[in-house]
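Novice: For reference, the structure I am asking about is given below.
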Amino acid sequence: MAPIVRPTSIIIDIFIIVNLSFLALDIFIAHSTNEFSRSAEWIPFYFSLIAPIFLGIESWKNWSNKQRKTQLISIVIGSISIIIGVAGLIWHLHSSFFEYYTLKSLVYTAPFIAPLAYAGLGALLIMNRMVDQESMEWSEWLIFLGLGGFFGNFILTLSDHSQNGFFIKYEWIPVISSAIAVSFLGVTLTQKYSIQFTNISILIMILQIFIGVWGFYFHCMTVLHSDAPGYFEKIVYNAPIFAPLLFVNLAILSLFGLIDLRYKIID
């Protein structure tokens with residue numbers, strides 16, 4: 001089993017830029033359910049529109065001039081992204097949980113884990129600027145952030161699918177799948193010099209990609225067959241159409257770390 005492409009800091013930059021840009025669409029759909037009733041709900045939307053432009057400029061300069069790296073913009077944007085993520089977590093919990101302090105209010109509140117996507121991307125951005133990509137630590141950070149994302153995804157899928165009492169038995173698949181991903185990535189970090197276990201973890205991440213695509217198909221079918229009058233309403237007031245793609249996203253991030261780790265173990 002030989003990985004084809006070894007990830008680099010530039011590839012991680014592209015991954016971050018694409019994800020931040022896509023979050024603008026995701027935020028627009030999610031906050032359209034209440035028509036952006038609070039002005040603060042526009043903050044992550046505009047941030048996701050503006051931040052990728054500045055990151056793209058800085059990344060291009062770093063790629064063009066490899067002798068002189070700049071990182072100020074990335075550190076600032078990464079820090080703001082973390083603040084937005086943590087603030088969004090608290091904001092979402094205030095919508096219901098902090099008022100009643102019950103498991104029911106936690107399940108039926110706004111998806112409280114979702115804003116942490118910004119915190120994760122911010123941490124990834126800062127790490128990618130401050131840690132040498134040739135070090136073992138760089139690989140471990142990629143895996144650790146993937147692990148954290150899958151743990152959040154476990155909570156997200158568990159709480160989201162609890163809203164309809166896991167009416168369809170297949171809804172347990174992403175919950176179990178996320179738990180498996182967390183387990184394997186966690187063990188990989190503790191057994192980082194085991195090439196065999198790293199290979200198994202790579203296969204597990206590839207499986208996560210298939211599960212994410214499969215889930216995306218089911219969510220699309222749910223949206224298309226809903227009774228809402230228009231396509232925009234179908235997307236906004238139904239199962240979150242892009243949510244399963246988080247499996248694909250986190251699996252790719254984890255694969256970056258696992259593949260780079262495998263190269264370093266072999267070397």
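Ligands are numbered from 1 in the order shown, residues from 1 within each chain, and chains are lettered A, B, ... in the order they appear in the structure tokens.
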Set the distance at 12 Å and use only C-alpha atoms: which residues neighbour Leu72 in chain A once local chain neighbours fewer than 4 positions away are removed? I'd like the list as a list in words.
Specialist: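 Listed by chain and then number, they are Phe54, Leu55, Glu58, Ser59, Asn62, Val76, Ile77, Gly78, Ser79, Leu125, Ile126, Arg129 and Met130 of chain A.
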Novice: What's around Pro174 in chain A at 10 Å? Count only C-alpha atoms, leave out sequence neighbours fewer than 2 positions away in its own chain, and write the answer as JSON, numbers by chain.
Specialist: {"A": [153, 154, 156, 157, 158, 161, 170, 171, 172, 176, 177, 178, 179, 180, 208, 211, 212, 215, 244, 247]}
Novice: Export all heavy atoms of the chosen residues as a short mmCIF file (atom, residue, chain, number, x, y, z; two decimals), in the first residue's frame?
Specialist:
data_model
loop_
_atom_site.label_atom_id
_atom_site.label_comp_id
_atom_site.auth_asym_id
_atom_site.auth_seq_id
_atom_site.Cartn_x
_atom_site.Cartn_y
_atom_site.Cartn_z
N ASN A 153 -18.46 15.39 15.21
CA ASN A 153 -19.42 14.81 14.28
C ASN A 153 -20.25 13.72 14.94
O ASN A 153 -21.44 13.55 14.64
CB ASN A 153 -18.69 14.24 13.06
CG ASN A 153 -19.56 14.19 11.83
OD1 ASN A 153 -20.49 14.98 11.68
ND2 ASN A 153 -19.28 13.25 10.94
N PHE A 154 -19.62 12.97 15.84
CA PHE A 154 -20.35 11.95 16.60
C PHE A 154 -21.48 12.59 17.41
O PHE A 154 -22.63 12.12 17.39
CB PHE A 154 -19.38 11.21 17.54
CG PHE A 154 -20.04 10.33 18.55
CD1 PHE A 154 -20.54 9.08 18.19
CD2 PHE A 154 -20.18 10.75 19.86
CE1 PHE A 154 -21.15 8.26 19.13
CE2 PHE A 154 -20.79 9.95 20.81
CZ PHE A 154 -21.29 8.70 20.44
N LEU A 156 -22.81 15.55 16.88
CA LEU A 156 -23.74 16.20 15.95
C LEU A 156 -24.73 15.20 15.36
O LEU A 156 -25.94 15.45 15.34
CB LEU A 156 -22.94 16.89 14.84
CG LEU A 156 -23.72 17.84 13.93
CD1 LEU A 156 -24.26 19.02 14.72
CD2 LEU A 156 -22.81 18.33 12.80
N THR A 157 -24.23 14.06 14.88
CA THR A 157 -25.13 13.07 14.28
C THR A 157 -26.03 12.43 15.33
O THR A 157 -27.20 12.15 15.06
CB THR A 157 -24.32 11.97 13.56
OG1 THR A 157 -23.34 11.41 14.47
CG2 THR A 157 -23.60 12.52 12.35
N LEU A 158 -25.50 12.24 16.52
CA LEU A 158 -26.30 11.66 17.60
C LEU A 158 -27.45 12.59 17.99
O LEU A 158 -28.60 12.16 18.12
CB LEU A 158 -25.42 11.37 18.81
CG LEU A 158 -26.11 10.71 20.02
CD1 LEU A 158 -26.66 9.34 19.64
CD2 LEU A 158 -25.13 10.59 21.18
N HIS A 161 -30.03 13.16 14.80
CA HIS A 161 -30.90 12.02 14.52
C HIS A 161 -31.78 11.64 15.70
O HIS A 161 -32.76 10.91 15.55
CB HIS A 161 -30.06 10.82 14.07
CG HIS A 161 -29.43 11.02 12.72
ND1 HIS A 161 -28.47 10.16 12.21
CD2 HIS A 161 -29.61 11.98 11.77
CE1 HIS A 161 -28.10 10.59 11.03
NE2 HIS A 161 -28.77 11.68 10.74
N TYR A 170 -31.03 3.21 9.58
CA TYR A 170 -29.77 3.57 8.94
C TYR A 170 -29.15 4.82 9.56
O TYR A 170 -27.96 5.10 9.34
CB TYR A 170 -29.95 3.78 7.44
CG TYR A 170 -30.38 2.54 6.69
CD1 TYR A 170 -31.49 2.55 5.86
CD2 TYR A 170 -29.67 1.36 6.82
CE1 TYR A 170 -31.89 1.40 5.17
CE2 TYR A 170 -30.05 0.21 6.16
CZ TYR A 170 -31.16 0.24 5.33
OH TYR A 170 -31.55 -0.90 4.68
N GLU A 171 -29.94 5.58 10.30
CA GLU A 171 -29.43 6.80 10.90
C GLU A 171 -28.41 6.52 12.00
O GLU A 171 -27.72 7.43 12.45
CB GLU A 171 -30.59 7.64 11.46
CG GLU A 171 -31.50 8.19 10.37
CD GLU A 171 -32.66 8.99 10.93
OE1 GLU A 171 -32.78 9.08 12.18
OE2 GLU A 171 -33.45 9.53 10.14
N TRP A 172 -28.34 5.27 12.45
CA TRP A 172 -27.32 4.90 13.43
C TRP A 172 -25.94 4.76 12.78
O TRP A 172 -24.91 4.82 13.47
CB TRP A 172 -27.69 3.58 14.11
CG TRP A 172 -28.73 3.72 15.17
CD1 TRP A 172 -30.05 3.36 15.10
CD2 TRP A 172 -28.53 4.28 16.48
NE1 TRP A 172 -30.69 3.66 16.28
CE2 TRP A 172 -29.78 4.21 17.16
CE3 TRP A 172 -27.43 4.80 17.16
CZ2 TRP A 172 -29.96 4.66 18.46
CZ3 TRP A 172 -27.60 5.26 18.46
CH2 TRP A 172 -28.84 5.18 19.10
N ILE A 176 -22.23 5.41 14.62
CA ILE A 176 -21.27 4.32 14.85
C ILE A 176 -19.99 4.57 14.06
O ILE A 176 -18.87 4.36 14.56
CB ILE A 176 -21.89 2.97 14.44
CG1 ILE A 176 -23.11 2.67 15.32
CG2 ILE A 176 -20.87 1.84 14.53
CD1 ILE A 176 -23.92 1.47 14.87
N SER A 177 -20.15 5.04 12.83
CA SER A 177 -19.00 5.31 11.98
C SER A 177 -18.09 6.37 12.60
O SER A 177 -16.85 6.24 12.58
CB SER A 177 -19.47 5.76 10.59
OG SER A 177 -18.39 6.10 9.77
N SER A 178 -18.68 7.44 13.14
CA SER A 178 -17.88 8.50 13.78
C SER A 178 -17.13 7.96 15.00
O SER A 178 -15.97 8.31 15.23
CB SER A 178 -18.79 9.65 14.22
OG SER A 178 -19.39 10.28 13.11
N ALA A 179 -17.80 7.10 15.76
CA ALA A 179 -17.16 6.50 16.94
C ALA A 179 -15.96 5.64 16.53
O ALA A 179 -14.90 5.66 17.19
CB ALA A 179 -18.17 5.67 17.73
N ILE A 180 -16.11 4.90 15.46
CA ILE A 180 -15.02 4.06 14.95
C ILE A 180 -13.84 4.93 14.51
O ILE A 180 -12.67 4.64 14.80
CB ILE A 180 -15.50 3.17 13.80
CG1 ILE A 180 -16.50 2.13 14.33
CG2 ILE A 180 -14.33 2.49 13.10
CD1 ILE A 180 -17.16 1.30 13.25
N GLN A 208 -14.95 6.13 5.56
CA GLN A 208 -15.71 7.31 6.00
C GLN A 208 -16.15 8.16 4.81
O GLN A 208 -17.25 8.75 4.82
CB GLN A 208 -14.86 8.16 6.95
CG GLN A 208 -14.39 7.48 8.20
CD GLN A 208 -15.51 7.05 9.13
OE1 GLN A 208 -16.55 7.70 9.21
NE2 GLN A 208 -15.31 5.95 9.83
N ILE A 211 -19.19 6.56 3.31
CA ILE A 211 -20.35 6.77 4.19
C ILE A 211 -20.87 8.20 4.03
O ILE A 211 -22.08 8.44 3.99
CB ILE A 211 -19.98 6.48 5.65
CG1 ILE A 211 -19.76 4.98 5.85
CG2 ILE A 211 -21.05 6.99 6.62
CD1 ILE A 211 -19.24 4.58 7.21
N GLY A 212 -19.96 9.16 3.93
CA GLY A 212 -20.37 10.55 3.74
C GLY A 212 -21.12 10.76 2.43
O GLY A 212 -22.14 11.45 2.40
N GLY A 215 -24.53 9.15 2.76
CA GLY A 215 -25.41 9.98 3.57
C GLY A 215 -25.89 11.21 2.80
O GLY A 215 -27.05 11.62 2.93
N PRO A 244 -23.77 15.40 5.77
CA PRO A 244 -22.98 14.16 5.61
C PRO A 244 -21.62 14.38 4.96
O PRO A 244 -20.71 13.55 5.13
CB PRO A 244 -23.88 13.29 4.72
CG PRO A 244 -25.26 13.82 4.92
CD PRO A 244 -25.07 15.29 5.10
N PHE A 247 -18.26 14.09 6.84
CA PHE A 247 -17.50 12.85 6.91
C PHE A 247 -16.39 12.85 5.86
O PHE A 247 -15.25 12.46 6.15
CB PHE A 247 -18.41 11.65 6.68
CG PHE A 247 -19.20 11.23 7.88
CD1 PHE A 247 -20.45 11.77 8.12
CD2 PHE A 247 -18.70 10.30 8.77
CE1 PHE A 247 -21.19 11.40 9.23
CE2 PHE A 247 -19.42 9.92 9.88
CZ PHE A 247 -20.68 10.48 10.12
#
Novice: From a DSSP calculation on the backbone, collect every residue of range 49-254 of chain A in alpha helix (DSSP H) and output the set as a PyMOL selection string.
Specialist: chain A and resi 49-64+72-94+97-100+103-107+116-130+136-162+172-190+195-224+231-236+245-254
Novice: One decimal, Å: what's the distance from CA of Gly88 in chain A over to CA of Gly230 in chain A, could you say?
Specialist: 29.2 Å
Novice: Quick one: everything within 12 Å of Ile209 in chain A, counting only C-alpha atoms, minus sequence neighbours fewer than 4 positions away in the same chain. Send it as a list in words.
Specialist: Pro174, Ser177, Ser178, Ala181, Ile202, Leu203, Ile204, Met205, Val213, Trp214, Gly215, Phe216, Pro244, Leu245, Leu246, Phe247, Val248, Asn249, Leu250, Ala251, Ile252, Leu253, Ser254 and Leu255 of chain A
Novice: Looking at only C-alpha atoms, which of A:Pro7, A:Gly122, A:Gly186, A:Pro115 is the one that sits closest to Gly148 in chain A?
Specialist: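 Result for the nearest residue to Gly148 in chain A: A:Gly186.
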Novice: Would you please work out which residue, of A:Lys69, A:Phe22, A:Trp60, A:Ile195, is nearest to Tyr46 in chain A when using only C-alpha atoms?
Specialist: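 Among A:Lys69, A:Phe22, A:Trp60, A:Ile195, it is A:Phe22 that comes nearest to Tyr46 in chain A.
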Novice: Which neighbours of Ser135 in chain A fall inside 10 Å, counting only C-alpha atoms, when residues of the same chain fewer than 6 positions from it are skipped, and could you give them as a list of chain:residue names?
Specialist: A:Asp260, A:Leu261, A:Lys264
Novice: Limited to N, CA and C atoms, could you put the picked residues into a file as a PDB file, in the first residue's frame?
Specialist:
ATOM      1  N   ASP A 260       1.029  11.427   5.497  1.00  0.00           N
ATOM      2  CA  ASP A 260       2.302  12.067   5.816  1.00  0.00           C
ATOM      3  C   ASP A 260       3.020  11.312   6.926  1.00  0.00           C
ATOM      4  N   LEU A 261       2.253  10.845   7.924  1.00  0.00           N
ATOM      5  CA  LEU A 261       2.845  10.048   9.006  1.00  0.00           C
ATOM      6  C   LEU A 261       3.469   8.776   8.458  1.00  0.00           C
ATOM      7  N   LYS A 264       6.786   9.380   6.908  1.00  0.00           N
ATOM      8  CA  LYS A 264       7.835   9.655   7.891  1.00  0.00           C
ATOM      9  C   LYS A 264       8.251   8.400   8.646  1.00  0.00           C
TER      10      LYS A 264
END
Novice: Let me make sure I understand: among A:Leu93, A:Ile17, A:Ala30, A:Leu116, which one has the smallest atom-to-atom distance to Gly152 in chain A if we use only C-alpha atoms?
Specialist: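 Closest residue, counting only C-alpha atoms: A:Leu116.
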Novice: Between A:Met127, A:Leu49, A:Val5, A:Val223, which residue has the minimum interatomic distance to Leu25 in chain A, considering only C-alpha atoms?
Specialist: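 With only C-alpha atoms as the atom set, the closest residue is A:Leu49.
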Novice: Rounded to one decimal in Å, what is the spacing between CA of Ile43 in chain A and CA of Ile16 in chain A?
Specialist: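 Calculated distance between CA of Ile43 in chain A and CA of Ile16 in chain A is 18.3 Å.
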Novice: What is the distance, in Å and to one decimal place, between CA of Glu137 in chain A and CA of Lys192 in chain A?
Specialist: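 Separation between CA of Glu137 in chain A and CA of Lys192 in chain A: 10.7 Å.
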Novice: Using only C-alpha atoms, which of the listed residues (A:Leu207, A:Asn65, A:Pro52, A:Leu258) sits closest to Leu145 in chain A?
Specialist: A:Leu258
